[in-house]
Structures are given as C-alpha cells and as structure tokens.
Amino acid sequence: MRPTLASFVDSLEGEAPPPLTAPLRALWLDAKGDWDGAHKCVDELSDPDAMWVHAYLHRKEGDQWNAGYWYRRAGRPPHRGPLDEEWREIVTALVGKDAG
C-alpha cells in the first residue's frame, strides 16, 4: 500500500518506520532526529530521488557546497526556502510513488 503524506507524518509517532523506499526512510529518520541514519540510507544510492534527499540532508547539515553537488546530480534546483518546507515537498513527491 502506498503511503500518503498524512500516513507518513502519522507514522512518525511510532518507534520504527513502516516499509518505505530508501529515500522516504531517510526522511523518516531525519524527522526523528537521526541525521546519520538518514544519510546512510541514501549515501550509496544514485537514483534521482535518493540524490534529492541527499542534497536536502547536506543542506540541513549546513554544507551548502556538498548540497549543491547533490542537487545538480538529482537534476533539481537548490531549495531556498525553509528546511521543513523542503522536507514536506520531498515527502509529498515521493509518497506519490510506490513504497517499499
């Protein structure tokens, strides 16, 4: 079953993530405060969704140069708004795809 934005956000109340793709799992872990775990989910992946999440994570980390590199690889313009806005944008885009 595909997650929705609402079900994804609701799942953050739990201790463990539901079955998710690696990029969504990374965003789930990030929302739970586990940046390192989130980064590990996408660090070795080369698909555009994972690279977009990777860019977001480096932007959140404050490493703008590295974030820019991953945005370019993902084929996405760097996000200039608040981090929580970008997180929501990415989740919304990714929950529209098949999960886990």
# chains A, B, ... in the order shown; residues from 1 in each chain; ligands from 1

$ residues_around --residues "Gly14 (chain A)" --least-positions-apart "6" --cutoff "12 Å" --atoms "only C-alpha atoms" --output "number ranges by chain"
A: 7-8, 28-29, 31-32

$ residues_around --residues "region 86-96 of chain A" --least-positions-apart "3" --cutoff "10 Å" --atoms "only C-alpha atoms" --output "list of chain:residue names"
A:Arg2, A:Pro3, A:Thr4, A:Leu5, A:Ala6, A:Ser7, A:Phe8, A:Val9, A:Leu20, A:Thr21, A:Pro23, A:Leu24, A:Leu27, A:Trp28, A:Asp30, A:Ala31, A:Asp49, A:Trp52, A:Val53, A:Tyr56, A:Leu57, A:Lys60, A:Pro78, A:His79, A:Arg80, A:Gly81, A:Pro82, A:Leu83, A:Ala99

$ select_by_dssp --residues "chain A" --states "helix (DSSP H, G or I)" --output "MDAnalysis selection string"
chainID A and resid 5:11 22:31 35:42 48:61 64:74 83:95

$ closest_residue --among "A:Val42, A:Leu12, A:Ala55, A:Ala67" --to "Ala26 (chain A)" --atoms "only C-alpha atoms"
A:Val42

$ closest_residue --among "A:Asp36, A:Arg76, A:Pro19, A:Glu44" --to "His58 (chain A)" --atoms "only C-alpha atoms"
A:Asp36

$ closest_residue --among "A:Ala22, A:Trp70, A:Arg59, A:Ala16" --to "Cys41 (chain A)" --atoms "only C-alpha atoms"
A:Ala22

$ atom_distance --atom1 "CA of Pro18 (chain A)" --atom2 "CA of His39 (chain A)"
17.9 Å
